[in-house]
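Trainee: My file is start-v7.pdb. It has PDB, C-alpha atoms and all ligand atoms:
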```
MODEL        1
ATOM      1  CA  MET A 403      23.317   9.685  17.045
ATOM      2  CA  THR A 404      20.347   7.336  17.283
ATOM      3  CA  GLU A 405      19.674   4.743  14.620
ATOM      4  CA  PRO A 406      16.907   5.721  12.205
ATOM      5  CA  THR A 407      13.650   3.914  12.856
ATOM      6  CA  ARG A 408      12.234   1.614  10.220
ATOM      7  CA  ALA A 409       9.566   4.220   9.390
ATOM      8  CA  GLU A 410      12.246   6.866   8.904
ATOM      9  CA  ARG A 411      14.202   4.560   6.657
ATOM     10  CA  ARG A 412      11.149   3.989   4.529
ATOM     11  CA  GLN A 413      10.395   7.665   4.317
ATOM     12  CA  HIS A 414      13.890   8.171   3.029
ATOM     13  CA  SER A 415      13.365   5.610   0.333
ATOM     14  CA  GLY A 416      10.508   7.453  -1.412
ATOM     15  CA  GLY A 417       7.868   4.749  -1.619
ATOM     16  CA  GLN A 418       6.855   1.620   0.217
ATOM     17  CA  TRP A 419       4.174  -0.977  -0.278
ATOM     18  CA  SER A 420       2.862  -4.124   1.399
ATOM     19  CA  ILE A 421       1.647  -7.043  -0.682
ATOM     20  CA  GLY A 422       0.219  -9.477   1.846
ATOM     21  CA  ARG A 423       3.225 -10.250   4.054
ATOM     22  CA  VAL A 424       5.769  -9.023   1.496
ATOM     23  CA  GLU A 425       7.173  -5.521   1.858
ATOM     24  CA  VAL A 426       8.655  -3.504  -0.979
ATOM     25  CA  ALA A 427      10.600  -0.241  -0.707
ATOM     26  CA  ARG A 428      11.789   1.986  -3.519
ATOM     27  CA  VAL A 429      15.285   3.403  -3.061
ATOM     28  CA  GLU A 430      16.107   6.156  -5.510
ATOM     29  CA  GLU A 431      19.403   6.743  -7.231
ATOM     30  CA  ASN A 432      18.265   9.615  -9.439
ATOM     31  CA  ILE A 433      15.479  11.095 -11.527
ATOM     32  CA  VAL A 434      16.591  12.233 -14.955
ATOM     33  CA  PRO A 435      14.720  14.408 -17.454
ATOM     34  CA  LEU A 436      15.090  12.647 -20.797
ATOM     35  CA  ALA A 437      13.620  13.534 -24.193
ATOM     36  CA  THR A 438      11.101  10.859 -25.113
ATOM     37  CA  LYS A 439      12.673  10.710 -28.575
ATOM     38  CA  VAL A 440      15.773   9.195 -26.985
ATOM     39  CA  LEU A 441      14.003   6.344 -25.185
ATOM     40  CA  VAL A 442      10.461   5.851 -26.507
ATOM     41  CA  PRO A 443      10.725   7.830 -29.750
ATOM     42  CA  ASP A 444       7.123   7.569 -30.941
ATOM     43  CA  ILE A 445       5.544   9.295 -27.928
ATOM     44  CA  THR A 446       3.951  12.537 -29.095
ATOM     45  CA  ALA A 447       2.624  15.530 -27.177
ATOM     46  CA  ASP A 448      -0.847  14.327 -28.223
ATOM     47  CA  HIS A 449      -0.372  11.010 -26.407
ATOM     48  CA  ILE A 450       0.495  12.906 -23.248
ATOM     49  CA  GLU A 451      -2.293  15.448 -23.631
ATOM     50  CA  ALA A 452      -4.924  12.748 -24.182
ATOM     51  CA  ASN A 453      -3.897  11.037 -20.928
ATOM     52  CA  ARG A 454      -2.989  14.173 -19.007
ATOM     53  CA  SER A 455      -5.144  13.461 -15.952
ATOM     54  CA  TRP A 456      -2.965  10.516 -14.899
ATOM     55  CA  VAL A 457       0.382  10.698 -16.779
ATOM     56  CA  ARG A 458       1.488  14.131 -15.581
ATOM     57  CA  PRO A 459       3.778  12.897 -12.760
ATOM     58  CA  TYR A 460       5.806  10.983 -15.347
ATOM     59  CA  PHE A 461       6.598  13.835 -17.727
ATOM     60  CA  ASP A 462       8.348  17.204 -17.416
ATOM     61  CA  GLU A 463       7.426  20.322 -19.322
ATOM     62  CA  PRO A 464       8.451  19.879 -22.967
ATOM     63  CA  GLN A 465      11.796  21.415 -23.920
ATOM     64  CA  ALA A 466      12.091  22.947 -27.402
ATOM     65  CA  GLY A 467       8.800  21.240 -28.199
ATOM     66  CA  ASN A 468      10.134  17.790 -27.246
ATOM     67  CA  PRO A 469       8.140  15.747 -24.712
ATOM     68  CA  MET A 470      10.343  14.967 -21.712
ATOM     69  CA  LEU A 471      10.190  11.809 -19.610
ATOM     70  CA  ARG A 472      10.961  11.935 -15.899
ATOM     71  CA  LEU A 473      13.029   8.769 -15.895
ATOM     72  CA  SER A 474      13.515   7.348 -12.435
ATOM     73  CA  LEU A 475      16.520   5.222 -11.549
ATOM     74  CA  HIS A 476      15.786   3.193  -8.436
ATOM     75  CA  SER A 477      16.112  -0.217  -6.837
ATOM     76  CA  PHE A 478      13.254  -2.080  -5.222
ATOM     77  CA  VAL A 479      14.102  -3.802  -1.941
ATOM     78  CA  VAL A 480      11.765  -6.757  -1.384
ATOM     79  CA  LEU A 481      11.355  -8.480   1.998
ATOM     80  CA  SER A 482       9.806 -11.942   1.816
ATOM     81  CA  GLY A 483       9.975 -13.768   5.141
ATOM     82  CA  ASP A 484      13.657 -13.721   6.092
ATOM     83  CA  THR A 485      14.810 -13.181   2.523
ATOM     84  CA  VAL A 486      16.017  -9.741   1.435
ATOM     85  CA  ILE A 487      15.968  -9.197  -2.323
ATOM     86  CA  VAL A 488      17.253  -6.210  -4.305
ATOM     87  CA  VAL A 489      15.744  -5.849  -7.762
ATOM     88  CA  ASP A 490      18.148  -4.082 -10.136
ATOM     89  CA  THR A 491      21.091  -1.974  -9.005
ATOM     90  CA  CYS A 492      20.839   1.194 -11.131
ATOM     91  CA  VAL A 493      23.677   3.068 -12.881
ATOM     92  CA  GLY A 494      26.506   2.848 -10.384
ATOM     93  CA  PRO A 495      29.611   4.892  -9.670
ATOM     94  CA  ASP A 496      30.992   5.142 -13.229
ATOM     95  CA  PRO A 497      30.692   8.843 -14.217
ATOM     96  CA  ASP A 498      30.956   8.075 -17.935
ATOM     97  CA  ARG A 499      27.623   6.298 -18.294
ATOM     98  CA  ASP A 500      24.890   7.749 -20.526
ATOM     99  CA  LEU A 501      22.647   8.420 -17.517
ATOM    100  CA  PRO A 502      23.853  10.087 -14.316
ATOM    101  CA  GLY A 503      24.162   7.745 -11.345
ATOM    102  CA  ASP A 504      24.850   8.886  -7.814
ATOM    103  CA  PRO A 505      28.030   8.013  -5.893
ATOM    104  CA  ALA A 506      26.031   8.155  -2.633
ATOM    105  CA  PHE A 507      23.481   5.552  -3.711
ATOM    106  CA  ALA A 508      25.149   2.567  -2.023
ATOM    107  CA  GLU A 509      25.083   4.468   1.293
ATOM    108  CA  ARG A 510      21.420   5.229   0.752
ATOM    109  CA  LEU A 511      20.717   1.535   0.168
ATOM    110  CA  GLU A 512      22.771   0.648   3.247
ATOM    111  CA  ARG A 513      20.554   2.898   5.373
ATOM    112  CA  ALA A 514      17.307   1.732   3.759
ATOM    113  CA  ILE A 515      17.841  -1.969   4.495
ATOM    114  CA  ASP A 516      17.664  -3.432   7.991
ATOM    115  CA  GLY A 517      21.116  -4.911   8.441
ATOM    116  CA  GLY A 518      22.496  -2.913   5.502
ATOM    117  CA  LEU A 519      24.119  -4.283   2.361
ATOM    118  CA  ASP A 520      25.360  -7.368   4.242
ATOM    119  CA  ALA A 521      21.754  -8.443   4.853
ATOM    120  CA  VAL A 522      20.874  -8.799   1.165
ATOM    121  CA  ASP A 523      20.392 -12.440   0.151
ATOM    122  CA  VAL A 524      19.468 -12.126  -3.517
ATOM    123  CA  VAL A 525      20.101  -9.532  -6.223
ATOM    124  CA  VAL A 526      17.867  -9.824  -9.277
ATOM    125  CA  CYS A 527      19.184  -8.456 -12.577
ATOM    126  CA  THR A 528      16.045  -8.080 -14.715
ATOM    127  CA  HIS A 529      18.392  -7.657 -17.669
ATOM    128  CA  LEU A 530      21.989  -6.658 -18.393
ATOM    129  CA  HIS A 531      21.719  -2.998 -19.340
ATOM    130  CA  PHE A 532      24.052  -0.549 -17.631
ATOM    131  CA  ASP A 533      21.284   1.244 -15.695
ATOM    132  CA  HIS A 534      20.264  -2.037 -13.997
ATOM    133  CA  VAL A 535      23.584  -3.581 -12.992
ATOM    134  CA  GLY A 536      25.871  -0.637 -12.165
ATOM    135  CA  TRP A 537      25.924  -1.176  -8.402
ATOM    136  CA  ASN A 538      26.322  -4.937  -8.706
ATOM    137  CA  THR A 539      29.912  -4.128  -7.855
ATOM    138  CA  THR A 540      31.830  -1.450  -6.037
ATOM    139  CA  TRP A 541      35.473  -0.332  -5.885
ATOM    140  CA  VAL A 542      37.466  -1.525  -2.868
ATOM    141  CA  GLU A 543      41.222  -0.922  -2.842
ATOM    142  CA  GLY A 544      41.403  -0.587  -6.604
ATOM    143  CA  ARG A 545      39.355  -3.699  -7.298
ATOM    144  CA  LEU A 546      35.698  -4.221  -8.230
ATOM    145  CA  VAL A 547      33.978  -6.507  -5.727
ATOM    146  CA  PRO A 548      30.338  -7.465  -5.143
ATOM    147  CA  THR A 549      28.466  -4.592  -3.443
ATOM    148  CA  PHE A 550      26.288  -7.102  -1.568
ATOM    149  CA  PRO A 551      28.868  -9.495  -0.114
ATOM    150  CA  ASN A 552      26.437 -12.191   1.047
ATOM    151  CA  ALA A 553      24.060 -12.175  -1.927
ATOM    152  CA  ARG A 554      23.545 -14.528  -4.833
ATOM    153  CA  TYR A 555      23.136 -12.559  -8.050
ATOM    154  CA  LEU A 556      20.524 -13.950 -10.464
ATOM    155  CA  VAL A 557      20.870 -13.505 -14.234
ATOM    156  CA  THR A 558      19.020 -15.562 -16.834
ATOM    157  CA  ARG A 559      21.029 -17.711 -19.194
ATOM    158  CA  ALA A 560      19.503 -15.930 -22.195
ATOM    159  CA  GLU A 561      20.893 -12.637 -20.875
ATOM    160  CA  MET A 562      24.338 -14.160 -20.398
ATOM    161  CA  ASP A 563      24.219 -15.613 -23.921
ATOM    162  CA  GLU A 564      23.267 -12.205 -25.331
ATOM    163  CA  LEU A 565      26.083 -10.559 -23.374
ATOM    164  CA  ALA A 566      28.549 -13.049 -24.836
ATOM    165  CA  ARG A 567      27.308 -12.212 -28.345
ATOM    166  CA  ASN A 568      27.265  -8.453 -27.938
ATOM    167  CA  ASP A 569      28.248  -6.519 -24.838
ATOM    168  CA  HIS A 570      27.231  -3.230 -26.450
ATOM    169  CA  MET A 571      26.815  -1.460 -23.101
ATOM    170  CA  ALA A 572      30.175  -2.682 -21.793
ATOM    171  CA  VAL A 573      28.742  -4.175 -18.588
ATOM    172  CA  GLY A 574      30.517  -7.538 -18.663
ATOM    173  CA  GLU A 575      33.869  -6.432 -17.266
ATOM    174  CA  PRO A 576      32.715  -4.055 -14.511
ATOM    175  CA  SER A 577      29.368  -5.527 -13.458
ATOM    176  CA  ILE A 578      29.344  -9.278 -14.203
ATOM    177  CA  ARG A 579      32.881 -10.662 -14.300
ATOM    178  CA  PRO A 580      33.700  -9.701 -10.680
ATOM    179  CA  LEU A 581      30.565 -11.623  -9.605
ATOM    180  CA  ALA A 582      31.634 -14.729 -11.478
ATOM    181  CA  GLU A 583      35.140 -14.452 -10.021
ATOM    182  CA  ALA A 584      33.727 -14.149  -6.509
ATOM    183  CA  GLY A 585      31.508 -17.185  -7.115
ATOM    184  CA  VAL A 586      28.269 -15.325  -6.418
ATOM    185  CA  LEU A 587      26.730 -15.302  -9.909
ATOM    186  CA  ASP A 588      23.825 -17.712 -10.471
ATOM    187  CA  VAL A 589      23.001 -18.139 -14.146
ATOM    188  CA  ILE A 590      19.450 -19.437 -14.117
ATOM    189  CA  ASP A 591      17.435 -21.473 -16.565
ATOM    190  CA  LEU A 592      13.765 -20.571 -16.413
ATOM    191  CA  ASP A 593      11.389 -23.492 -15.835
ATOM    192  CA  GLY A 594       8.917 -24.861 -18.384
ATOM    193  CA  ASN A 595       6.473 -22.058 -17.624
ATOM    194  CA  GLY A 596       9.114 -19.388 -18.142
ATOM    195  CA  GLY A 597       9.471 -18.790 -14.422
ATOM    196  CA  HIS A 598      11.903 -19.104 -11.545
ATOM    197  CA  ARG A 599      11.010 -19.178  -7.859
ATOM    198  CA  ILE A 600      13.032 -17.205  -5.293
ATOM    199  CA  THR A 601      10.765 -17.664  -2.259
ATOM    200  CA  ASP A 602       7.223 -19.015  -1.780
ATOM    201  CA  GLU A 603       6.027 -15.480  -2.439
ATOM    202  CA  VAL A 604       8.455 -14.069  -4.993
ATOM    203  CA  GLY A 605       9.470 -15.339  -8.408
ATOM    204  CA  LEU A 606      10.650 -14.281 -11.841
ATOM    205  CA  ILE A 607       8.619 -14.414 -15.045
ATOM    206  CA  ALA A 608       9.939 -14.203 -18.585
ATOM    207  CA  THR A 609       9.068 -10.861 -20.220
ATOM    208  CA  PRO A 610      11.269 -10.839 -23.340
ATOM    209  CA  GLY A 611      11.565  -8.170 -26.000
ATOM    210  CA  HIS A 612      13.528  -5.345 -24.425
ATOM    211  CA  THR A 613      16.246  -7.970 -24.176
ATOM    212  CA  PRO A 614      16.040 -11.701 -25.003
ATOM    213  CA  GLY A 615      16.259 -12.955 -21.412
ATOM    214  CA  HIS A 616      14.448 -10.109 -19.696
ATOM    215  CA  VAL A 617      12.505 -11.040 -16.540
ATOM    216  CA  SER A 618      10.003  -9.250 -14.334
ATOM    217  CA  VAL A 619       9.330 -10.009 -10.678
ATOM    218  CA  ALA A 620       5.968 -11.456  -9.665
ATOM    219  CA  ILE A 621       4.905 -11.296  -6.007
ATOM    220  CA  SER A 622       2.021 -13.181  -4.472
ATOM    221  CA  SER A 623       1.218 -13.310  -0.750
ATOM    222  CA  ASP A 624      -1.947 -13.750   1.297
ATOM    223  CA  GLY A 625      -4.177 -13.330  -1.743
ATOM    224  CA  ARG A 626      -2.413 -10.138  -2.890
ATOM    225  CA  SER A 627      -0.179  -9.823  -5.905
ATOM    226  CA  ALA A 628       2.235  -7.425  -7.533
ATOM    227  CA  LEU A 629       4.525  -7.099 -10.522
ATOM    228  CA  ILE A 630       7.861  -5.301 -10.748
ATOM    229  CA  THR A 631       8.082  -4.455 -14.429
ATOM    230  CA  GLY A 632      11.773  -4.176 -15.169
ATOM    231  CA  ASP A 633      12.048  -2.560 -18.603
ATOM    232  CA  ALA A 634       9.006  -4.295 -20.066
ATOM    233  CA  PHE A 635       7.564  -0.805 -19.517
ATOM    234  CA  HIS A 636       9.530   2.459 -19.370
ATOM    235  CA  THR A 637       6.575   4.783 -18.711
ATOM    236  CA  PRO A 638       2.980   4.247 -17.526
ATOM    237  CA  LEU A 639       1.839   5.808 -20.822
ATOM    238  CA  GLN A 640       2.638   2.407 -22.356
ATOM    239  CA  PHE A 641      -0.285   0.893 -20.423
ATOM    240  CA  ALA A 642      -2.571   2.973 -22.655
ATOM    241  CA  HIS A 643      -0.313   2.509 -25.687
ATOM    242  CA  PRO A 644       1.621  -0.779 -25.501
ATOM    243  CA  GLU A 645       2.644  -0.293 -29.137
ATOM    244  CA  LEU A 646       4.981   2.549 -28.099
ATOM    245  CA  ALA A 647       8.303   0.729 -27.925
ATOM    246  CA  ALA A 648      11.785   1.716 -26.783
ATOM    247  CA  TRP A 649      12.890   0.579 -30.213
ATOM    248  CA  ARG A 650      16.352   2.118 -30.167
ATOM    249  CA  PHE A 651      17.184  -0.159 -27.230
ATOM    250  CA  ASP A 652      14.820  -3.136 -27.602
ATOM    251  CA  SER A 653      16.389  -6.292 -28.990
ATOM    252  CA  ASP A 654      12.976  -7.063 -30.544
ATOM    253  CA  SER A 655      10.263  -4.399 -30.422
ATOM    254  CA  GLN A 656       7.540  -6.666 -31.787
ATOM    255  CA  GLN A 657       8.281  -9.004 -28.934
ATOM    256  CA  SER A 658       8.404  -6.191 -26.358
ATOM    257  CA  THR A 659       5.015  -4.953 -27.594
ATOM    258  CA  ALA A 660       3.568  -8.474 -27.367
ATOM    259  CA  THR A 661       4.958  -8.771 -23.824
ATOM    260  CA  ARG A 662       3.365  -5.447 -22.818
ATOM    261  CA  LYS A 663       0.021  -6.544 -24.263
ATOM    262  CA  ASP A 664       0.235  -9.872 -22.397
ATOM    263  CA  LEU A 665       0.999  -8.164 -19.099
ATOM    264  CA  ILE A 666      -1.805  -5.625 -19.567
ATOM    265  CA  GLU A 667      -4.204  -8.457 -20.364
ATOM    266  CA  ARG A 668      -3.122 -10.261 -17.238
ATOM    267  CA  TYR A 669      -3.141  -7.340 -14.796
ATOM    268  CA  ALA A 670      -5.620  -4.705 -16.032
ATOM    269  CA  GLY A 671      -8.824  -4.613 -14.049
ATOM    270  CA  THR A 672      -7.301  -6.680 -11.229
ATOM    271  CA  ASP A 673      -6.264  -5.607  -7.766
ATOM    272  CA  ALA A 674      -2.600  -6.355  -8.482
ATOM    273  CA  LEU A 675      -0.060  -3.647  -7.737
ATOM    274  CA  VAL A 676       2.241  -2.754 -10.617
ATOM    275  CA  LEU A 677       5.617  -1.247  -9.675
ATOM    276  CA  GLY A 678       7.499   0.454 -12.484
ATOM    277  CA  THR A 679      11.274   0.137 -12.558
ATOM    278  CA  HIS A 680      11.666   3.502 -14.354
ATOM    279  CA  PHE A 681       8.494   5.237 -13.120
ATOM    280  CA  ALA A 682       9.020   8.452 -11.171
ATOM    281  CA  PRO A 683       6.912   8.665  -7.985
ATOM    282  CA  PRO A 684       4.231   7.568  -7.549
ATOM    283  CA  SER A 685       5.961   4.482  -8.950
ATOM    284  CA  GLY A 686       3.271   1.963  -8.035
ATOM    285  CA  GLY A 687      -0.378   1.702  -9.012
ATOM    286  CA  ARG A 688      -3.107  -0.423 -10.508
ATOM    287  CA  LEU A 689      -4.162  -0.892 -14.110
ATOM    288  CA  ARG A 690      -7.745   0.259 -14.558
ATOM    289  CA  ARG A 691      -9.923  -0.255 -17.588
ATOM    290  CA  GLY A 692     -11.672   3.038 -18.379
ATOM    291  CA  GLU A 693     -13.897   4.251 -21.195
ATOM    292  CA  THR A 694     -10.909   5.384 -23.227
ATOM    293  CA  GLY A 695      -8.720   2.383 -22.441
ATOM    294  CA  VAL A 696      -6.291   1.226 -19.791
ATOM    295  CA  TRP A 697      -4.817   3.749 -17.362
ATOM    296  CA  PHE A 698      -2.470   3.693 -14.373
ATOM    297  CA  ASP A 699      -4.152   4.507 -11.071
ATOM    298  CA  ALA A 700      -1.435   5.437  -8.592
ATOM    299  CA  SER A 701      -3.832   6.980  -6.042
TER
HETATM  300 ZN    ZN B   1      16.481   0.623 -17.971
ENDMDL
END
```
Using the file provided, produce a representation of the structure as structure tokens.

Mentor:
Amino acid sequence: MTEPTRAERRQHSGGQWSIGRVEVARVEENIVPLATKVLVPDITADHIEANRSWVRPYFDEPQAGNPMLRLSLHSFVVLSGDTVIVVDTCVGPDPDRDLPGDPAFAERLERAIDGGLDAVDVVVCTHLHFDHVGWNTTWVEGRLVPTFPNARYLVTRAEMDELARNDHMAVGEPSIRPLAEAGVLDVIDLDGNGGHRITDEVGLIATPGHTPGHVSVAISSDGRSALITGDAFHTPLQFAHPELAAWRFDSDSQQSTATRKDLIERYAGTDALVLGTHFAPPSGGRLRRGETGVWFDAS
């Protein structure tokens, strides 16, 4: 059997983008229909109807009158020079999680990355919720070990502090402790501007509210820029309505709303690509300012 070409790998991944010299690929674990009332409870059918022309890919037909999100679970693989970065690791192999993962996801990642899982240098955990850290580790001979054996795993100190206070999603034991034991966990303090640099082209920016130490990924290369949202946004509808918060899960919904407004202010009307961590395909687009407000242009 011949090795898949790079183009075939990308096709398999369900989305790829170039930002200057940086390449980003989306690798999907799953897409889950989820009632909006579970995740972003204040979304109404009217919100969706009023923005129908551009939000349709992100919602299913309502069930029993309830609007339904198409919630995507995927990693972004970022190539910056020689550095291979995986942003968030989805739900993982544990079948008892509240969202369905996919046991085959690690193999899919292996195929999608030149050099496979061994080639990954950095894993970014935007925050420590179960659907972002599940594949940090994998079972080998009855023991959880790092899935990416040569990677440093980045977690902000504020996230670690929050985990120590309240591990309400039970991620510490399966998804963080094995990293610390293997010596591959880097607890990072953000700099004075609330940032952290990974390469010349890729860095983290503080986007608190969903969790206290939440970060998004900012990319800048050859005059182009992009943002990987993490859970600052759960659906593109929040670009039009940043006040719609995931308040059942946010540590501070006022803060998450302020963060969304800041990001919209910064990116709307610019050429920057915005890549949504939970957006079903098309998962990337630009924030346009239209007559009725901001909208997500994924064309
Ligand atoms: Zn999430």

Trainee: Go through the chains and note each residue within 7 Å of ligand ZN 1 (chain B), using only C-alpha atoms and all ligand atoms, then give the set as an MDAnalysis selection string.

Mentor: chainID A and resid 531 533:534 633 680

Trainee: Selection from above, C-alpha atoms, as a PDB file, in the frame of the given file, can you write it?

Mentor:
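Just written: out_12.pdb:
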```pdb
ATOM      1  CA  HIS A 531      21.719  -2.998 -19.340  1.00  0.00           C
ATOM      2  CA  ASP A 533      21.284   1.244 -15.695  1.00  0.00           C
ATOM      3  CA  HIS A 534      20.264  -2.037 -13.997  1.00  0.00           C
ATOM      4  CA  ASP A 633      12.048  -2.560 -18.603  1.00  0.00           C
ATOM      5  CA  HIS A 680      11.666   3.502 -14.354  1.00  0.00           C
TER       6      HIS A 680
END
```

Trainee: Given the point (1.8, -5.7, -12.9) in the coordinates of this file, which residues lie within 12 Å, counting all atoms listed in the file, and how would they look as a PyMOL selection string?

Mentor: chain A and resi 607+609+618-622+626-632+634-635+638+641+661-679+685-690+698-699

Trainee: In terms of the shortest atom-to-atom distance over all atoms listed in the file, which of A:Arg423, A:Arg559, A:Arg691, A:Arg579 is closest to Leu546 of chain A?

Mentor: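 Closest residue, counting all atoms listed in the file: A:Arg579.
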
Trainee: Name all residues at most 8 Å from Leu530 of chain A (count all atoms listed in the file; drop same-chain ones fewer than 2 positions away) and give them as a list in words.

Mentor: Cys527, Thr528, Phe532, His534, Val535, Glu561, Leu565 and Val573 of chain A

Trainee: Excluding segment 436-438 of chain A and any residue of its chain fewer than 6 positions from it, enumerate the residues within 10 Å of it, using only C-alpha atoms, and give them as a ChimeraX atom specification.

Mentor: /A:444-447,461-462,464-465,467-473,501,637,648

Trainee: Work out how far apart atom CA of Leu441 of chain A and atom CA of Arg650 of chain A are and give it in Å to one decimal.

Mentor: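 We find that atom CA of Leu441 of chain A and atom CA of Arg650 of chain A lie 6.9 Å from each other.
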
Trainee: Report as number ranges by chain the residues that result from applying the PyMOL selection byres (((chain A and resi 585-599) around 9) and not hetatm) to the structure here.

Mentor: A: 548, 551-562, 578-584, 600-609, 617

Trainee: Between atom CA of Gly417 of chain A and atom CA of Val440 of chain A, what is the spacing in Å?

Mentor: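 If I compute the distance from atom CA of Val440 of chain A to atom CA of Gly417 of chain A, I get 26.9 Å.
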
Trainee: Kindly indicate which residue among A:Gly611, A:Pro435, A:Pro505, A:Gly692 lies nearest to Trp456 of chain A, using all atoms listed in the file for the distances.

Mentor: A:Gly692

Trainee: Go through the shown structure with the PyMOL selection byres (((chain A and resi 453) around 10) and not hetatm) and write out the matching residues as a list in words.

Mentor: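 Answer for the PyMOL selection byres (((chain A and resi 453) around 10) and not hetatm): Asp448, His449, Ile450, Glu451, Ala452, Arg454, Ser455, Trp456, Val457, Arg458, Leu639, Ala642, Thr694, Trp697 and Phe698 of chain A.
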